[in-house]
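Have a look at input.cif below; it lists mmCIF, C-alpha atoms.
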```cif
data_my_file
#
loop_
_atom_site.label_atom_id
_atom_site.label_comp_id
_atom_site.auth_asym_id
_atom_site.auth_seq_id
_atom_site.Cartn_x
_atom_site.Cartn_y
_atom_site.Cartn_z
CA MET A 120 -34.31 -2.39 69.33
CA ASN A 121 -31.74 -0.12 70.68
CA THR A 122 -30.67 -2.38 73.58
CA MET A 123 -27.01 -1.39 73.60
CA SER A 124 -25.78 1.03 76.18
CA LEU A 125 -23.58 3.99 75.45
CA LYS A 126 -20.52 2.14 76.81
CA GLU A 127 -21.20 -0.85 74.56
CA LYS A 128 -21.64 1.43 71.53
CA ALA A 129 -18.33 3.16 72.32
CA ALA A 130 -16.57 -0.20 72.73
CA MET A 131 -17.99 -1.40 69.39
CA ALA A 132 -16.94 1.83 67.68
CA ILE A 133 -13.38 1.46 69.09
CA LEU A 134 -13.32 -2.19 68.02
CA ALA A 135 -14.51 -1.24 64.49
CA MET A 136 -11.82 1.49 64.27
CA VAL A 137 -9.10 -0.94 65.41
CA ALA A 138 -10.30 -3.50 62.83
CA ALA A 139 -10.32 -0.82 60.10
CA TYR A 140 -6.77 0.28 61.01
CA ALA A 141 -5.61 -3.35 61.11
CA LEU A 142 -7.14 -3.95 57.70
CA ALA A 143 -5.51 -0.79 56.32
CA ILE A 144 -2.09 -1.75 57.73
CA ALA A 145 -2.38 -5.34 56.42
CA THR A 146 -3.35 -4.06 52.96
CA TRP A 147 -0.45 -1.59 52.97
CA PHE A 148 2.05 -4.32 53.95
CA MET A 149 0.78 -6.72 51.28
CA TYR A 150 0.99 -4.14 48.50
CA SER A 151 4.26 -2.67 49.70
CA GLU A 152 5.82 -6.13 49.84
CA ALA A 153 4.82 -6.81 46.21
CA ALA A 154 6.10 -3.37 45.17
CA TRP A 155 9.33 -3.99 47.09
CA LYS A 156 9.86 -7.33 45.35
CA LYS A 157 9.18 -5.73 41.96
CA SER A 158 11.56 -2.86 42.71
CA SER A 159 14.19 -5.29 43.96
CA LYS A 160 13.95 -7.32 40.74
CA LEU A 161 14.27 -4.18 38.62
CA TYR A 162 17.24 -3.03 40.69
CA HIS A 163 19.07 -6.35 40.34
CA LYS A 164 18.37 -6.37 36.61
CA ALA A 165 19.74 -2.82 36.28
CA VAL A 166 22.86 -3.81 38.27
CA GLU A 167 23.37 -6.82 35.99
CA THR A 168 22.97 -4.67 32.87
CA TYR A 169 25.39 -2.09 34.30
CA GLU A 170 28.01 -4.78 35.01
CA LYS A 171 27.68 -6.23 31.49
CA GLU A 172 27.99 -2.80 29.88
CA THR A 173 30.96 -1.90 32.09
CA LYS A 174 32.66 -5.14 31.06
CA LEU A 175 32.02 -4.40 27.36
CA ILE A 176 33.35 -0.87 27.75
CA SER A 177 36.49 -2.20 29.43
CA GLU A 178 36.94 -4.63 26.49
CA ARG A 179 36.53 -1.92 23.86
CA ARG A 180 40.13 -2.22 22.66
CA LYS A 181 39.79 -5.99 22.28
CA TRP A 182 36.63 -5.66 20.17
CA THR A 183 38.06 -2.83 18.09
CA ASP A 184 41.16 -4.95 17.34
CA ALA A 185 38.99 -7.97 16.46
CA TYR A 186 36.88 -5.79 14.14
CA GLU A 187 39.97 -4.37 12.42
CA GLU A 188 41.41 -7.89 12.01
CA GLU A 189 38.21 -9.17 10.38
CA LYS A 190 37.97 -6.03 8.26
CA ALA A 191 41.52 -6.61 6.99
CA ARG A 192 40.58 -10.17 5.94
CA MET A 193 37.53 -8.97 4.03
CA PRO A 194 37.79 -9.02 0.22
CA MET A 195 38.02 -5.61 -1.50
CA PHE A 196 36.43 -4.68 -4.81
CA GLU A 197 36.67 -1.55 -6.90
CA THR A 198 33.81 0.89 -6.60
CA GLY A 199 31.20 0.14 -9.25
CA LYS A 200 32.58 -3.32 -10.11
CA SER A 201 29.95 -6.06 -10.22
CA THR A 202 30.65 -8.77 -7.65
CA ASP A 203 27.89 -11.29 -8.29
CA THR A 204 29.87 -13.27 -10.89
CA THR A 205 32.79 -13.64 -8.46
CA TRP A 206 30.60 -14.87 -5.62
CA LEU A 207 28.47 -17.12 -7.82
CA ALA A 208 31.61 -18.78 -9.22
CA LYS A 209 33.03 -19.39 -5.73
CA MET A 210 29.74 -20.78 -4.46
CA ASP A 211 29.38 -23.01 -7.53
CA SER A 212 32.91 -24.40 -7.19
CA LEU A 213 32.39 -25.23 -3.49
CA ALA A 214 28.99 -26.77 -4.27
CA GLU A 215 30.52 -28.92 -7.00
CA LYS A 216 33.39 -29.95 -4.71
CA HIS A 217 30.89 -31.15 -2.09
CA HIS A 218 28.39 -32.69 -4.52
CA ILE A 219 25.64 -30.15 -3.96
CA PHE A 220 23.79 -29.73 -7.22
CA ILE A 221 22.45 -26.20 -7.72
CA SER A 222 20.05 -25.74 -10.62
CA GLN A 223 18.56 -22.30 -9.91
CA ARG A 224 20.46 -19.41 -8.38
CA GLN A 225 20.41 -15.66 -8.69
CA GLY A 226 22.46 -12.80 -7.27
CA GLY A 227 20.46 -10.18 -5.43
CA LYS A 228 20.93 -6.47 -5.00
CA GLU A 229 23.98 -5.17 -3.13
CA ILE A 230 23.16 -3.96 0.40
CA GLU A 231 25.25 -1.47 2.35
CA ALA A 232 25.72 -2.42 6.03
CA GLY A 233 28.02 0.22 7.50
CA ASP A 234 31.52 -0.19 6.06
CA VAL A 235 30.60 -3.57 4.64
CA MET A 236 28.70 -4.43 1.48
CA GLU A 237 26.55 -7.57 1.36
CA LEU A 238 25.31 -9.43 -1.68
CA PRO A 239 22.55 -11.99 -1.11
CA ILE A 240 22.47 -14.97 -3.45
CA GLU A 241 19.12 -16.74 -3.67
CA VAL A 242 19.47 -20.44 -4.43
CA LYS A 243 15.99 -21.55 -5.44
CA ASN A 244 16.79 -25.20 -6.08
CA TRP A 245 19.58 -27.39 -4.72
CA GLU A 246 19.94 -31.11 -4.12
CA GLY A 247 22.44 -33.20 -2.19
CA ALA A 248 23.06 -35.55 0.72
CA LEU A 249 22.92 -34.21 4.27
CA GLU A 250 26.61 -34.92 4.87
CA SER A 251 27.52 -33.10 1.65
CA LEU A 252 25.38 -30.14 2.70
CA VAL A 253 27.10 -29.95 6.10
CA HIS A 254 30.57 -30.04 4.50
CA PHE A 255 29.52 -27.41 1.95
CA MET A 256 28.13 -25.09 4.64
CA TYR A 257 31.19 -25.59 6.86
CA GLU A 258 33.58 -24.71 4.05
CA LEU A 259 31.53 -21.63 3.15
CA GLU A 260 31.55 -20.39 6.75
CA ASN A 261 35.31 -20.98 7.11
CA SER A 262 36.41 -19.95 3.62
CA GLU A 263 39.61 -17.95 3.22
CA GLU A 264 38.41 -16.69 -0.19
CA GLY A 265 35.52 -14.65 1.16
CA MET A 266 33.07 -14.10 3.96
CA PHE A 267 29.86 -16.06 3.56
CA ASP A 268 26.82 -16.52 5.77
CA ILE A 269 23.83 -18.74 5.13
CA ARG A 270 20.97 -16.56 6.35
CA GLN A 271 18.06 -18.83 5.50
CA ILE A 272 17.81 -22.48 4.52
CA SER A 273 14.94 -24.88 3.99
CA PHE A 274 14.97 -28.45 2.77
CA LYS A 275 12.88 -31.58 2.46
CA PRO A 276 13.49 -35.13 1.26
CA SER A 277 14.20 -35.47 -2.43
CA ASN A 278 12.84 -38.12 -4.80
CA LYS A 279 16.35 -39.62 -4.80
CA LYS A 280 16.92 -41.88 -1.81
CA GLY A 281 19.18 -40.29 0.82
CA TYR A 282 19.10 -36.85 -0.78
CA LEU A 283 17.58 -33.55 0.28
CA LYS A 284 16.39 -30.66 -1.84
CA GLY A 285 15.48 -27.12 -0.97
CA THR A 286 16.43 -23.45 -1.00
CA PHE A 287 18.88 -21.19 0.81
CA THR A 288 20.05 -17.60 0.88
CA LEU A 289 23.80 -17.07 0.96
CA THR A 290 25.08 -13.63 1.94
CA CYS A 291 28.55 -12.62 0.74
CA ALA A 292 30.32 -9.80 2.61
CA TYR A 293 33.01 -7.56 1.13
CA MET A 294 34.21 -3.98 1.05
CA ARG A 295 34.54 -1.35 -1.63
CA GLU A 296 37.69 0.67 -2.22
CA ASN A 297 37.21 4.37 -1.54
#
```

Structure encoded using structure tokens:
Amino acid sequence: MNTMSLKEKAAMAILAMVAAYALAIATWFMYSEAAWKKSSKLYHKAVETYEKETKLISERRKWTDAYEEEKARMPMFETGKSTDTTWLAKMDSLAEKHHIFISQRQGGKEIEAGDVMELPIEVKNWEGALESLVHFMYELENSEEGMFDIRQISFKPSNKKGYLKGTFTLTCAYMREN
């Protein structure tokens, strides 16, 4: 059974050790390469984030001026004065102008968002043509009489041919006098 000589056993032991070291080195290189790639990706992502943030910091004055300009255009209301009737009337007049028929609408509760106050208006039922809806939304977004944002909208075909019906949430932004 034991037909191997001492020299042959020593050679086999050396060969087994060399194979074990080769396997260990190959495993180390494979895992270190994957770790290196992962670290490299994270590094490049961090560099990209740093560059973006540095650019934003360098543009601070520009963004502060843009904020102040928008803030100056924002409508002001007295503290405690109800604003829902003002915003509902403006929305209704623009809807009428663009042939959007609103049958159910309701002003929500005023929300404080930093310096700005927001009033959501829930329109539960509207009807109109797609082109009319687009013109209505465009005029709301670009209105000089207030700052409006349609936060949510859903629609489906109406029973009237060529018309849509649905719901939307219009948010009106304004400020309160101190």

- [ ] Tell me, in Å to one decimal, how far atom CA of Thr198 of chain A is from atom CA of Gly233 of chain A.
- [x] 15.3 Å

TODO: Rank A:Ser151, A:Ile240, A:Met136, A:Ser124 by their smallest atom-to-atom distance to Thr205 of chain A, using only C-alpha atoms, and report the top residue only.
DONE: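 Among A:Ser151, A:Ile240, A:Met136, A:Ser124, it is A:Ile240 that comes nearest to Thr205 of chain A.
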
What would the selection look like, as a short mmCIF file (atom, residue, chain, number, x, y, z; two decimals) with C-alpha atoms, in the frame of the given file, if the PyMOL selection byres ((chain A and resi 192) around 12) were run on the coordinates I just shared?
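Contents of selection.cif, as written:
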```cif
data_model
loop_
_atom_site.label_atom_id
_atom_site.label_comp_id
_atom_site.auth_asym_id
_atom_site.auth_seq_id
_atom_site.Cartn_x
_atom_site.Cartn_y
_atom_site.Cartn_z
CA ALA A 185 38.99 -7.97 16.46
CA TYR A 186 36.88 -5.79 14.14
CA GLU A 187 39.97 -4.37 12.42
CA GLU A 188 41.41 -7.89 12.01
CA GLU A 189 38.21 -9.17 10.38
CA LYS A 190 37.97 -6.03 8.26
CA ALA A 191 41.52 -6.61 6.99
CA MET A 193 37.53 -8.97 4.03
CA PRO A 194 37.79 -9.02 0.22
CA MET A 195 38.02 -5.61 -1.50
CA SER A 262 36.41 -19.95 3.62
CA GLU A 263 39.61 -17.95 3.22
CA GLU A 264 38.41 -16.69 -0.19
CA GLY A 265 35.52 -14.65 1.16
CA MET A 266 33.07 -14.10 3.96
CA ALA A 292 30.32 -9.80 2.61
CA TYR A 293 33.01 -7.56 1.13
CA MET A 294 34.21 -3.98 1.05
#
```

Open item on the list: Take the PyMOL selection byres ((chain A and resi 247) around 10), run it mentally on this structure, and tell me the resulting residues as a ChimeraX atom specification.
Closed with: /A:214,217-221,245-246,248-252,276-277,279,281-285

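For the pair atom CA of Arg270 of chain A and atom CA of Arg179 of chain A, the interatomic distance is 27.6 Å.
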
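Checking A:Gln223, A:Leu213, A:Thr286, A:Glu231 one by one against Tyr257 of chain A, counting all atoms listed in the file, you find the shortest gap at A:Leu213.
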
Task: Distance criterion (all atoms listed in the file): nearest to Thr202 of chain A out of A:Lys280, A:Lys128, A:Lys228, A:Lys157 - done: A:Lys228

Task: One-decimal distance in Å that lies between atom CA of Thr290 of chain A and atom CA of Thr204 of chain A - done: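 Those two atoms sit 13.7 Å apart.
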
Open item on the list: Selection in question (the file shown): the PyMOL selection byres ((chain A and resi 272) around 9). Which residues does it include, as a PyMOL selection string?
Closed with: chain A and resi 269-271+273-274+285-289

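Comparing the minimum interatomic distances between Ser222 of chain A and each of A:Asn244, A:Asn261, A:Ser201, A:Asn278, counting all atoms listed in the file, we find that A:Asn244 sits nearest.
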
Report, as AutoDock Vina command-line options, the centre and edge lengths in Å (one decimal) of the axis-aligned box enclosing every listed atom of segment 129-145 of chain A, padded by 5 Å on each side.
```
--center_x -10.2 --center_y -1.1 --center_z 64.5 --size_x 26.2 --size_y 18.5 --size_z 26.4
```

Mind checking which residues fall within 9 Å of Trp206 of chain A, counting only C-alpha atoms, ignoring those fewer than 3 positions away in the same chain, and posting them as an mmCIF file with C-alpha atoms, in the coordinates of the input?
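Okay, out-v5.cif is ready:
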```cif
data_model
loop_
_atom_site.group_PDB
_atom_site.id
_atom_site.type_symbol
_atom_site.label_atom_id
_atom_site.label_comp_id
_atom_site.auth_asym_id
_atom_site.auth_seq_id
_atom_site.Cartn_x
_atom_site.Cartn_y
_atom_site.Cartn_z
ATOM 1 C CA THR A 202 30.650 -8.770 -7.650
ATOM 2 C CA ASP A 203 27.890 -11.290 -8.290
ATOM 3 C CA LYS A 209 33.030 -19.390 -5.730
ATOM 4 C CA MET A 210 29.740 -20.780 -4.460
ATOM 5 C CA ASP A 211 29.380 -23.010 -7.530
ATOM 6 C CA GLY A 226 22.460 -12.800 -7.270
ATOM 7 C CA LEU A 238 25.310 -9.430 -1.680
ATOM 8 C CA ILE A 240 22.470 -14.970 -3.450
ATOM 9 C CA GLY A 265 35.520 -14.650 1.160
ATOM 10 C CA CYS A 291 28.550 -12.620 0.740
#
```

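Ranking A:Arg295, A:Thr183, A:Glu215, A:Glu260 by their shortest atom-to-atom distance to Met236 of chain A, with all atoms listed in the file included, puts A:Arg295 first.
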